[in-house]
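Enquirer: Sharing a structure, written as structure tokens. Questions coming.
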Amino acid sequence: MKSKKTGVIFFPAFDWAISPTHPEREERLLYTRDQIFEEGLMDLPQIAEYPPKLATIHDIARVHFCVPRVQSQVTEAHLIAAGATLSLGDSIIQGEIKNGFSIVRPPGHHAMRVVHGNRGFCNINNEAVLVDYLRRQYGIRRVAIVDSDVHHGDGTQEIFYHDPDVLFISFHQDGRTIFPGTGFAHELGGPQAYATTINIPLPPGMTDNTFHYITDNLVLPLINDFKPDFIINSAGQDNHYTDPLGSMKFTARGYAEFTRKLNPHLAVLEGGYAIETALPYINMSILMALAGIDYSNVREPDIDSFNFKENPDRFAQVQKTVEGLLDIWSRRDKTDIEKIFGTGKFYQRKKQIYYDTDYIEEEQFEKVRLCGSCPGYMIIESRADRGYGQTARVFALSIPFNACQECHTEAYDLYEEAVKNKKGFDFVKMQDKSTDTCLSYDINKGQEWKSEGPRPGV
Amino acid sequence: MYIGLDVGGTYTDAVLLEKGQVKSWTKVPTREDLLNSLLEAFDAIMRGVPPDLIERVVLSTTMITNLIAEKKYDPVGLILLPGPGLNHSHYRFDTESCLVGGVIDYRGREVVPVPKGDIDSSIRTLAGLKYKKVAVVGKFSSRNNKHEKEVCRRIQESHIDWQVEMGHEVAGQLNFPRRVMSTLLNCATRDKYQFFVQSVLVALNSRDINCPVYILKADGGTMPLKSSLSSPVETIFSGPAASILGVQALIPPGETAVIVDIGGTTTDLALILGGQPLLASKGADVFGHMTHINALAVKSVPVGGDSVVESVGKELILLSERVGPPYCMGGPMPTPTDALKVLGLTKLGDMKKAREAMKILGDPLGIETWEVAARIMMLVNDTITSEIKNMFEKWEQEPAYRVWEVLQKKKVRPNTVVGVGGAASGFMTMIAATLDCYPVIPPYARVANAIGAAVARPTLQVSLRADTEQGIYTLLEEGYQGPIEDKSFNEDKALQLAEKWLLKRATKYGLENDIGEVEVTRREVFNMVRDWVTSGKLIDVSVQTKRGILHYIGTGGGNIEK
Ligand SMILES: [Zn+2]
Ligand SMILES: [Zn+2]
Ligand SMILES: [Zn+2]
């Protein structure tokens, strides 16, 4: 067998912060750098370090409707963090490396399809940018994303909620006790993608025992059934027993074992704010697990003095959730979708989104075309209130990569109509993943921007 | 006047420079009797020059390099404090390695003290195996040297005759395995290096040369010969560094160039970017051992004038080994030098024999002599130029950890190819054409190394790391640790402190008059925030004396060759 390396892009962004004392600041990966470098991991023959590259504006536009434009929502640091995942994705698909770890800042799993500002320290969803890139560039279809951050990966969930070819699994601290307040077991995906979104909310205080229970009994069996072409781990590290934001009791060892079992193509760092007591050890463990290096000698300095008792009642509660989800998963093809979601040409839902970092309130109206021959295009009407009476109103259309001709034509007609009517909106946007074309029309300026990606394989 | 002296494995080269001109130069064989070779070289270049006119002497040498390559050094036992992390089986070096408990973390905090019993049993093991040289290296010892010092003190209590080397004094950079290797090599070569230094001092003394004497380091800087005794490994690869500086001195300032040094069996490639030699981003790889030694980036390609050429099927191939001199010089096998001869690109060797070599290869394939020669040229050219392209690509591929670093990455390509070394001139036109560059064979290319030594500048660096939360600062190069008493310690004060230490170091090395302009090469401040308030700062600053060379060399001056 060809022995292949684990690729790593380490981009600590030592010159970028949300604000000087914000958890997402320059210092965040400093001690991780110290630990990984002092261990000499980058010198090991099993590991290859790559430099980060910048993602293009188009790579972002393919996924996000940024308001007013991509350039106004991203800094260079975001393009580098997203670009790192793309460049590792390239190396994995091209067979240069067997898997990869993108140890980058800033994170992205709270960023949704429409971006009015920063949510939960995220602007750009690095994993989603990769998925759409892999689909366009290499024709990858089925992807599984497993989110092991303590916070619900609500951005990733939202972006793929109606995509039957992306299995999104997130386990996290119960939304009633932590940001962003979502991620309940009943959030299972839209009518066109039922049960490809799976959430396991966890009561606070759970340990590695629960971590492994979920992995062995839910995550791995589902992935086994789903047969993805590519597996991504949103490797948030705030489930650690020392994390200041989360209340879980996972360890570095637990993360390493999880990584070994999941065996993802790519792990992408998400949250994790115990920058001294957790990150150096977890990042090192994940990297070692991916590279097939023995991680049993990595241990947190205070691990012996910590109480890792788990409440058995709470564990029983998790078991019940997992059993319920397994039941839903096993019956997913026989489920009466119309009974749950209703009938009609469109399925629609209304959403309230709060941007905690930027204090923006967004109201969204999301419609999916219930098409029999493809996942259907989406219509999103979004209105964001930035305070001081400033609002931005957006009408956006998203055509999936595998859209049928009918959906394609309908969506373009709607775009034309909205541009012509010029009423009620400031921006009309189109994201056509089937031809890799993005359009953005500024009603007030009467101007259209268009961007097209490179032809696949070029 | 300056003397540059390069003591190589085969030849010892010397030049005498006066006001940027080569006044005389020589090349003499390096013999077993080092002292006499040195004297011969001095006498050749010094003819008629009074010794008191010599202002400085700079040496470069492959001595340490060769010692390590041939493993001609004394055994060194290791006492390691690896703590948690990689499985300890990763730390089996090619010698007795005793592992000792005790843990220091990335901030230099002691997590677990060193168990006394561990130290004693390691000492017993090494004593039992008759080791007299010991390297003591701990993980994160450059952040806190307490554990290494404890082990060292314990050894000295019972074995005063042992030569003990501590990791934090040899290599302050992060990377524990590299620190182990650097410390081990330093410990292993110290005695032999002392002998070399003694020979040089005796030779100079007997010719009444009493000026300051320096030795070139792998990174292209120099240090006073006497103070180099404690860090012999820094002189490893000073030979290649000397050639690169020599070329830098011989080409116009500001040039971006590739240096192609084609020898008998290897070709060394190096880059000069915008007039400055490229430093390797990681420590030098010393014959498969990764170290912390700062070195100019040199890529060795296993091809040279004496490489063997063979025909395999319908193809000609280059083998990396040497079996003797070229065919045209009485050797057994056809070589690239024979091809050069046939094409009239070298004066060396016998034309009839060279043609014969081409026939040996050409006849079975049914191709003409000149075509065989042309194909060999192409093979050598392809091998070298593709490595040059790789080198530039690799340089572009180097990691970056800051936004600005990623943004300023750009494609750079050379405009000049500089040939040095025996076989370079014959290949240079072709290599330059392939890379779309100008070919240059500088004057005095044959003694570029000695010229490089002569023009090298003394360099000193101080890297200071301050942790204001813990109230400690450390000096990477010195292995020193001191308290910060100033409550308002900040970046500017860190820089002042670093400059103070730079002066202190300079004085220690007798270089206080050479400091000149001080460059700040790194200044990084991280605010430590705990519970949303700033609890301290981590400040990393590096200051160094100006890099570069003392002179660019004009032409003129005579030579004396033995
Ligand atoms: Zn999660
Ligand atoms: Zn999180
Ligand atoms: Zn359709």
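Chain labels run A, B, ... following the order of the structure tokens; each chain numbers its residues from 1, and ligands are numbered from 1 in the order shown.
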Could you please select, counting only C-alpha atoms, the residues of chain B within 6 Å of chain A and state them as a count of residues only?
Expert: 14
Enquirer: Could you list, as an MDAnalysis selection string, all protein and nucleic acid residues with an atom at most 12 Å from ligand 2, counting only C-alpha atoms and all ligand atoms?
Expert: chainID A and resid 23:24 106:110 119:122 147:155 170:173 175 178:180 234:240 243:248 269:274
Enquirer: Among the residues of range 243-450 of chain B, find those DSSP assigns to strand (DSSP E) from the backbone and print them as a PyMOL selection string.
Expert: chain B and resi 257-262+267-273+276-277+285-286+289-290+298-301+309-312+315-318+416-420+438-440
Enquirer: Excluding Glu96 in chain B and any residue of its chain fewer than 2 positions from it, enumerate the residues within 12 Å of it, using only C-alpha atoms, and give them as JSON, numbers by chain.
Expert: {"B": [75, 76, 77, 78, 79, 80, 91, 92, 93, 94, 98, 99, 122, 123, 125, 126, 127, 128, 129, 130, 131, 133, 134, 135, 184]}
Enquirer: Using backbone DSSP assignments, extract all helix (DSSP H, G or I) residues from range 107-253 of chain A; output them as an MDAnalysis selection string.
Expert: chainID A and resid 126:138 154:159 208:226 252:253
Enquirer: Keeping only C-alpha atoms, write the selected residues to a file as a PDB file, in the first residue's frame.
Expert:
```
ATOM      1  CA  ASN A 126     -15.185  27.220   5.454  1.00  0.00           C
ATOM      2  CA  GLU A 127     -16.664  23.712   5.189  1.00  0.00           C
ATOM      3  CA  ALA A 128     -19.510  24.802   2.905  1.00  0.00           C
ATOM      4  CA  VAL A 129     -17.098  26.705   0.681  1.00  0.00           C
ATOM      5  CA  LEU A 130     -15.122  23.471   0.351  1.00  0.00           C
ATOM      6  CA  VAL A 131     -18.169  21.312  -0.429  1.00  0.00           C
ATOM      7  CA  ASP A 132     -19.325  23.503  -3.296  1.00  0.00           C
ATOM      8  CA  TYR A 133     -15.751  23.788  -4.558  1.00  0.00           C
ATOM      9  CA  LEU A 134     -15.236  20.013  -4.547  1.00  0.00           C
ATOM     10  CA  ARG A 135     -18.508  19.529  -6.374  1.00  0.00           C
ATOM     11  CA  ARG A 136     -17.626  22.059  -9.020  1.00  0.00           C
ATOM     12  CA  GLN A 137     -13.976  21.144  -9.417  1.00  0.00           C
ATOM     13  CA  TYR A 138     -14.074  17.376  -9.063  1.00  0.00           C
ATOM     14  CA  ASP A 154     -26.268  26.079  12.780  1.00  0.00           C
ATOM     15  CA  GLY A 155     -24.649  27.759   9.790  1.00  0.00           C
ATOM     16  CA  THR A 156     -23.628  24.514   8.165  1.00  0.00           C
ATOM     17  CA  GLN A 157     -27.029  23.016   8.956  1.00  0.00           C
ATOM     18  CA  GLU A 158     -28.835  25.944   7.383  1.00  0.00           C
ATOM     19  CA  ILE A 159     -26.774  25.879   4.202  1.00  0.00           C
ATOM     20  CA  ASP A 208     -15.688  11.018  26.704  1.00  0.00           C
ATOM     21  CA  ASN A 209     -17.958   8.114  27.530  1.00  0.00           C
ATOM     22  CA  THR A 210     -20.866   9.927  25.862  1.00  0.00           C
ATOM     23  CA  PHE A 211     -18.592  11.174  23.069  1.00  0.00           C
ATOM     24  CA  HIS A 212     -17.758   7.574  22.173  1.00  0.00           C
ATOM     25  CA  TYR A 213     -21.267   6.316  22.690  1.00  0.00           C
ATOM     26  CA  ILE A 214     -22.577   8.787  20.105  1.00  0.00           C
ATOM     27  CA  THR A 215     -19.696   8.090  17.733  1.00  0.00           C
ATOM     28  CA  ASP A 216     -20.045   4.322  17.857  1.00  0.00           C
ATOM     29  CA  ASN A 217     -23.812   4.081  17.957  1.00  0.00           C
ATOM     30  CA  LEU A 218     -24.956   6.930  15.763  1.00  0.00           C
ATOM     31  CA  VAL A 219     -22.276   8.789  13.819  1.00  0.00           C
ATOM     32  CA  LEU A 220     -20.419   5.803  12.391  1.00  0.00           C
ATOM     33  CA  PRO A 221     -23.497   3.692  11.491  1.00  0.00           C
ATOM     34  CA  LEU A 222     -25.144   6.649   9.720  1.00  0.00           C
ATOM     35  CA  ILE A 223     -22.017   7.447   7.735  1.00  0.00           C
ATOM     36  CA  ASN A 224     -21.704   3.803   6.874  1.00  0.00           C
ATOM     37  CA  ASP A 225     -25.228   3.812   5.452  1.00  0.00           C
ATOM     38  CA  PHE A 226     -24.873   7.167   3.713  1.00  0.00           C
ATOM     39  CA  ALA A 252      -7.818  15.577  24.144  1.00  0.00           C
ATOM     40  CA  ARG A 253      -7.622  11.803  24.181  1.00  0.00           C
TER      41      ARG A 253
END
```
